[in-house]
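Data first, discussion second: the structure below is written as structure tokens.
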Amino acid sequence: MRILITGGAGFIGSHIADACLAAGHDVKILDDLSTGRIANLPANAHFVEGDIRNAGWLTERVREFRPDVVSHQAAQTSVAISAREPVLDADINVLGTLNLLNACVDQEVSKVIFASTGGAIYGEVPDGERAQLDWQPRPLSPYACSKFAGEGYLECYRAEHGLDSTVLRYSNVYGPRQDPHGEAGVVAIFSQRAFAGQPLNVYARVAEGDAGCVRDYVYVDDVVRANLMAIDGAFGQSIVNVCTGEGTSTLELAEAIKHHAGSKCEIGFGPRRPGDIERSVLDPGSPPPLGETVSLENGLKQTVGWFGENA
Ligand SMILES: NC(=O)c1ccc[n+]([C@@H]2O[C@H](COP(=O)([O-])OP(=O)(O)OC[C@H]3O[C@@H](n4cnc5c(N)ncnc54)[C@H](O)[C@@H]3O)[C@@H](O)[C@H]2O)c1
């Protein structure tokens, strides 16, 4: 198949590109390199640099390549930036997405895979619970709002134009190539700091000194597998939680990374950061459509090892 990957020079998109090429697909990557990197691009993928906000240019690129499937990973991905600049966030994540959907309808693309956020869209998940697909989303940041809007437009374009789509709600993704300078990449940040012997800071969930917020950390290989399954039409439903269903506190994560890096760095404690969701754990479904996921132990081993060699 011909697969167009927006944001394919980024962390997750570049892994999807590698896997699509390995599966024998013809891959084109479209990215403005705002956070993505040329170094992430697979050697045998076609690459075009540009911005999804440029509707005319985007439609031309889709027309040229005539993809069967579009994997839409490009986005403004920082919750903090979205809070400071909600209009910028909406420009890229809502209007950019709409430009892409219009180009897909125009070129009769069969399917769009949309990278949404399970980590942000459900809001707070109470202790002992896991966010289920039928929960009403409670977006608490402009980023979560813009992703939720993207999901809504996909539903609308399915009804109005017959455009097939799958929404993948990723929990907190980690793995090799994640940008440690990004604001969501705590595993990348801790890995780099552990190797540099710098302290790992645990921001409070409620009060300074506690174990920090709880997240559902999913390894990038599982996210890639979910994308390949979606491309192959494996999901009988249009929205999937891409997650492990396991909650891990920031302190547990810091200790595990320190261990894998063989580091003597300190673990420090900071105050609660305004706007941080206290707990986010997702329900993988029963039976989970993704099957077994990589354990945090194995995923961290791979990731920390990669940062040890590449940091
Ligand atoms: N990393 C996570 O934990 C996580 C969790 C939930 C959802 N997601 C979603 O997964 C997708 C990939 O995220 P990532 O972590 O790989 O982030 P990333 O920043 O590494 O990748 C995003 C890519 O999109 C590109 N991009 C940004 N704006 C663009 C624009 N206007 N035009 C063209 N390209 C543009 C960037 O250059 C980058 O290569 C995003 O849609 C993100 O919202 C990520």
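Naming scheme: A, B, ... for chains in displayed order of the structure tokens; residues 1 onward per chain; ligands 1 onward as shown.
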If you take only C-alpha atoms and all ligand atoms and a cut-off of 7 Å, which residues of chain A touch ligand 1, and what are their nearest atom pairs and distances in Å to one decimal, in chain and number order, as JSON lines?
```
{"residue": "A:Thr6", "atom": "CA", "partner": "ligand 1", "partner_atom_place_in_ligand_line": "34 (N)", "distance": 6.1}
{"residue": "A:Gly7", "atom": "CA", "partner": "ligand 1", "partner_atom_place_in_ligand_line": "24 (O)", "distance": 3.5}
{"residue": "A:Gly8", "atom": "CA", "partner": "ligand 1", "partner_atom_place_in_ligand_line": "39 (O)", "distance": 5.7}
{"residue": "A:Ala9", "atom": "CA", "partner": "ligand 1", "partner_atom_place_in_ligand_line": "39 (O)", "distance": 4.2}
{"residue": "A:Gly10", "atom": "CA", "partner": "ligand 1", "partner_atom_place_in_ligand_line": "39 (O)", "distance": 3.2}
{"residue": "A:Phe11", "atom": "CA", "partner": "ligand 1", "partner_atom_place_in_ligand_line": "16 (O)", "distance": 3.7}
{"residue": "A:Ile12", "atom": "CA", "partner": "ligand 1", "partner_atom_place_in_ligand_line": "16 (O)", "distance": 3.7}
{"residue": "A:Gly13", "atom": "CA", "partner": "ligand 1", "partner_atom_place_in_ligand_line": "16 (O)", "distance": 5.6}
{"residue": "A:Leu30", "atom": "CA", "partner": "ligand 1", "partner_atom_place_in_ligand_line": "33 (C)", "distance": 6.4}
{"residue": "A:Asp31", "atom": "CA", "partner": "ligand 1", "partner_atom_place_in_ligand_line": "34 (N)", "distance": 3.7}
{"residue": "A:Asp32", "atom": "CA", "partner": "ligand 1", "partner_atom_place_in_ligand_line": "33 (C)", "distance": 4.2}
{"residue": "A:Leu33", "atom": "CA", "partner": "ligand 1", "partner_atom_place_in_ligand_line": "37 (O)", "distance": 3.7}
{"residue": "A:Ser34", "atom": "CA", "partner": "ligand 1", "partner_atom_place_in_ligand_line": "37 (O)", "distance": 3.9}
{"residue": "A:Thr35", "atom": "CA", "partner": "ligand 1", "partner_atom_place_in_ligand_line": "37 (O)", "distance": 3.9}
{"residue": "A:Gly36", "atom": "CA", "partner": "ligand 1", "partner_atom_place_in_ligand_line": "39 (O)", "distance": 3.1}
{"residue": "A:Arg37", "atom": "CA", "partner": "ligand 1", "partner_atom_place_in_ligand_line": "39 (O)", "distance": 6.5}
{"residue": "A:Gly50", "atom": "CA", "partner": "ligand 1", "partner_atom_place_in_ligand_line": "33 (C)", "distance": 5.7}
{"residue": "A:Asp51", "atom": "CA", "partner": "ligand 1", "partner_atom_place_in_ligand_line": "32 (N)", "distance": 3.5}
{"residue": "A:Ile52", "atom": "CA", "partner": "ligand 1", "partner_atom_place_in_ligand_line": "32 (N)", "distance": 4.1}
{"residue": "A:Arg53", "atom": "CA", "partner": "ligand 1", "partner_atom_place_in_ligand_line": "31 (N)", "distance": 5.6}
{"residue": "A:His72", "atom": "CA", "partner": "ligand 1", "partner_atom_place_in_ligand_line": "41 (O)", "distance": 6.9}
{"residue": "A:Gln73", "atom": "CA", "partner": "ligand 1", "partner_atom_place_in_ligand_line": "41 (O)", "distance": 4.1}
{"residue": "A:Ala74", "atom": "CA", "partner": "ligand 1", "partner_atom_place_in_ligand_line": "24 (O)", "distance": 3.3}
{"residue": "A:Ala75", "atom": "CA", "partner": "ligand 1", "partner_atom_place_in_ligand_line": "27 (C)", "distance": 4.4}
{"residue": "A:Gln76", "atom": "CA", "partner": "ligand 1", "partner_atom_place_in_ligand_line": "28 (N)", "distance": 5.3}
{"residue": "A:Thr77", "atom": "CA", "partner": "ligand 1", "partner_atom_place_in_ligand_line": "43 (O)", "distance": 4.4}
{"residue": "A:Ile92", "atom": "CA", "partner": "ligand 1", "partner_atom_place_in_ligand_line": "31 (N)", "distance": 5.1}
{"residue": "A:Gly96", "atom": "CA", "partner": "ligand 1", "partner_atom_place_in_ligand_line": "31 (N)", "distance": 6.6}
{"residue": "A:Ala115", "atom": "CA", "partner": "ligand 1", "partner_atom_place_in_ligand_line": "41 (O)", "distance": 4.8}
{"residue": "A:Ser116", "atom": "CA", "partner": "ligand 1", "partner_atom_place_in_ligand_line": "7 (C)", "distance": 5.0}
{"residue": "A:Thr117", "atom": "CA", "partner": "ligand 1", "partner_atom_place_in_ligand_line": "6 (C)", "distance": 3.9}
{"residue": "A:Gly118", "atom": "CA", "partner": "ligand 1", "partner_atom_place_in_ligand_line": "6 (C)", "distance": 6.3}
{"residue": "A:Gly119", "atom": "CA", "partner": "ligand 1", "partner_atom_place_in_ligand_line": "6 (C)", "distance": 6.1}
{"residue": "A:Arg169", "atom": "CA", "partner": "ligand 1", "partner_atom_place_in_ligand_line": "6 (C)", "distance": 6.5}
{"residue": "A:Tyr170", "atom": "CA", "partner": "ligand 1", "partner_atom_place_in_ligand_line": "6 (C)", "distance": 4.4}
{"residue": "A:Ser171", "atom": "CA", "partner": "ligand 1", "partner_atom_place_in_ligand_line": "5 (C)", "distance": 5.4}
{"residue": "A:Asn172", "atom": "CA", "partner": "ligand 1", "partner_atom_place_in_ligand_line": "3 (O)", "distance": 3.8}
{"residue": "A:Val173", "atom": "CA", "partner": "ligand 1", "partner_atom_place_in_ligand_line": "3 (O)", "distance": 3.7}
{"residue": "A:Tyr174", "atom": "CA", "partner": "ligand 1", "partner_atom_place_in_ligand_line": "3 (O)", "distance": 6.4}
{"residue": "A:Gln178", "atom": "CA", "partner": "ligand 1", "partner_atom_place_in_ligand_line": "20 (O)", "distance": 6.5}
{"residue": "A:Asp179", "atom": "CA", "partner": "ligand 1", "partner_atom_place_in_ligand_line": "20 (O)", "distance": 6.6}
{"residue": "A:Ala184", "atom": "CA", "partner": "ligand 1", "partner_atom_place_in_ligand_line": "3 (O)", "distance": 6.4}
{"residue": "A:Gly185", "atom": "CA", "partner": "ligand 1", "partner_atom_place_in_ligand_line": "1 (N)", "distance": 6.8}
```
- Task: Could you give me, as a list of chain:residue names, the residues within 10 Å of Pro126 of chain A, counting only C-alpha atoms and dropping anything in the same chain fewer than 2 positions from it?
- Result: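 That gives A:Gly123, A:Glu124, A:Gly128, A:Glu129, A:Arg130, A:Ala131, A:Glu278, A:Arg279, A:Ser280, A:Val281.
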- Query: Just asking: which residues within segment 1-193 of chain A are strand (DSSP E or B) according to DSSP, as JSON, numbers by chain?
  - Reply: {"A": [2, 3, 4, 5, 6, 26, 27, 28, 29, 30, 31, 46, 47, 48, 49, 69, 70, 71, 72, 111, 112, 113, 114, 115, 116, 117, 131, 164, 165, 166, 167, 168, 169, 170, 172, 173, 174]}
Generate a file of the selected residues that holds C-alpha atoms, formatted as a PDB file, in the first residue's frame.
```
ATOM      1  CA  ARG A   2       0.995   3.644  -0.341  1.00  0.00           C
ATOM      2  CA  ILE A   3       1.105   5.162   3.148  1.00  0.00           C
ATOM      3  CA  LEU A   4       1.454   8.891   3.777  1.00  0.00           C
ATOM      4  CA  ILE A   5       2.737   9.635   7.286  1.00  0.00           C
ATOM      5  CA  THR A   6       2.362  13.190   8.538  1.00  0.00           C
ATOM      6  CA  ASP A  26       5.552   2.487  -0.108  1.00  0.00           C
ATOM      7  CA  VAL A  27       6.013   5.322   2.401  1.00  0.00           C
ATOM      8  CA  LYS A  28       5.962   9.086   2.055  1.00  0.00           C
ATOM      9  CA  ILE A  29       6.710  11.311   5.039  1.00  0.00           C
ATOM     10  CA  LEU A  30       5.426  14.845   5.313  1.00  0.00           C
ATOM     11  CA  ASP A  31       6.802  16.967   8.161  1.00  0.00           C
ATOM     12  CA  HIS A  46      10.243   9.651   0.380  1.00  0.00           C
ATOM     13  CA  PHE A  47      10.290  12.870   2.387  1.00  0.00           C
ATOM     14  CA  VAL A  48       8.722  16.236   1.765  1.00  0.00           C
ATOM     15  CA  GLU A  49       9.134  19.210   4.089  1.00  0.00           C
ATOM     16  CA  VAL A  69      -3.893   5.249   3.855  1.00  0.00           C
ATOM     17  CA  VAL A  70      -2.861   8.411   5.705  1.00  0.00           C
ATOM     18  CA  SER A  71      -1.343   8.047   9.164  1.00  0.00           C
ATOM     19  CA  HIS A  72      -1.804  11.459  10.783  1.00  0.00           C
ATOM     20  CA  LYS A 111      -8.543   5.479   5.351  1.00  0.00           C
ATOM     21  CA  VAL A 112      -7.089   7.901   7.903  1.00  0.00           C
ATOM     22  CA  ILE A 113      -5.392   6.759  11.123  1.00  0.00           C
ATOM     23  CA  PHE A 114      -5.501   9.544  13.707  1.00  0.00           C
ATOM     24  CA  ALA A 115      -3.056   9.874  16.634  1.00  0.00           C
ATOM     25  CA  SER A 116      -5.260  11.013  19.488  1.00  0.00           C
ATOM     26  CA  THR A 117      -4.519  11.196  23.177  1.00  0.00           C
ATOM     27  CA  ALA A 131     -10.589   5.122  31.491  1.00  0.00           C
ATOM     28  CA  ASP A 164     -13.013   5.598   6.807  1.00  0.00           C
ATOM     29  CA  SER A 165     -10.865   6.222   9.885  1.00  0.00           C
ATOM     30  CA  THR A 166      -9.449   4.731  13.065  1.00  0.00           C
ATOM     31  CA  VAL A 167      -8.754   6.839  16.143  1.00  0.00           C
ATOM     32  CA  LEU A 168      -5.874   5.601  18.289  1.00  0.00           C
ATOM     33  CA  ARG A 169      -5.916   7.129  21.759  1.00  0.00           C
ATOM     34  CA  TYR A 170      -2.328   6.717  22.921  1.00  0.00           C
ATOM     35  CA  ASN A 172       1.966   8.067  27.561  1.00  0.00           C
ATOM     36  CA  VAL A 173       4.314   6.786  24.884  1.00  0.00           C
ATOM     37  CA  TYR A 174       8.033   6.233  25.507  1.00  0.00           C
TER      38      TYR A 174
END
```
- To one decimal place, how far is atom CA of Val214 of chain A from atom CA of Arg84 of chain A in Å?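 Between atom CA of Val214 of chain A and atom CA of Arg84 of chain A the gap is 23.9 Å.
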- Item | Among the residues A:Trp135, A:Phe269, A:Trp306, A:Tyr217, the one that comes closest to Tyr122 of chain A [using only C-alpha atoms] | A:Trp135
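As for atom CA of Arg272 of chain A and atom CA of Gly212 of chain A, they are spaced 8.2 Å apart.
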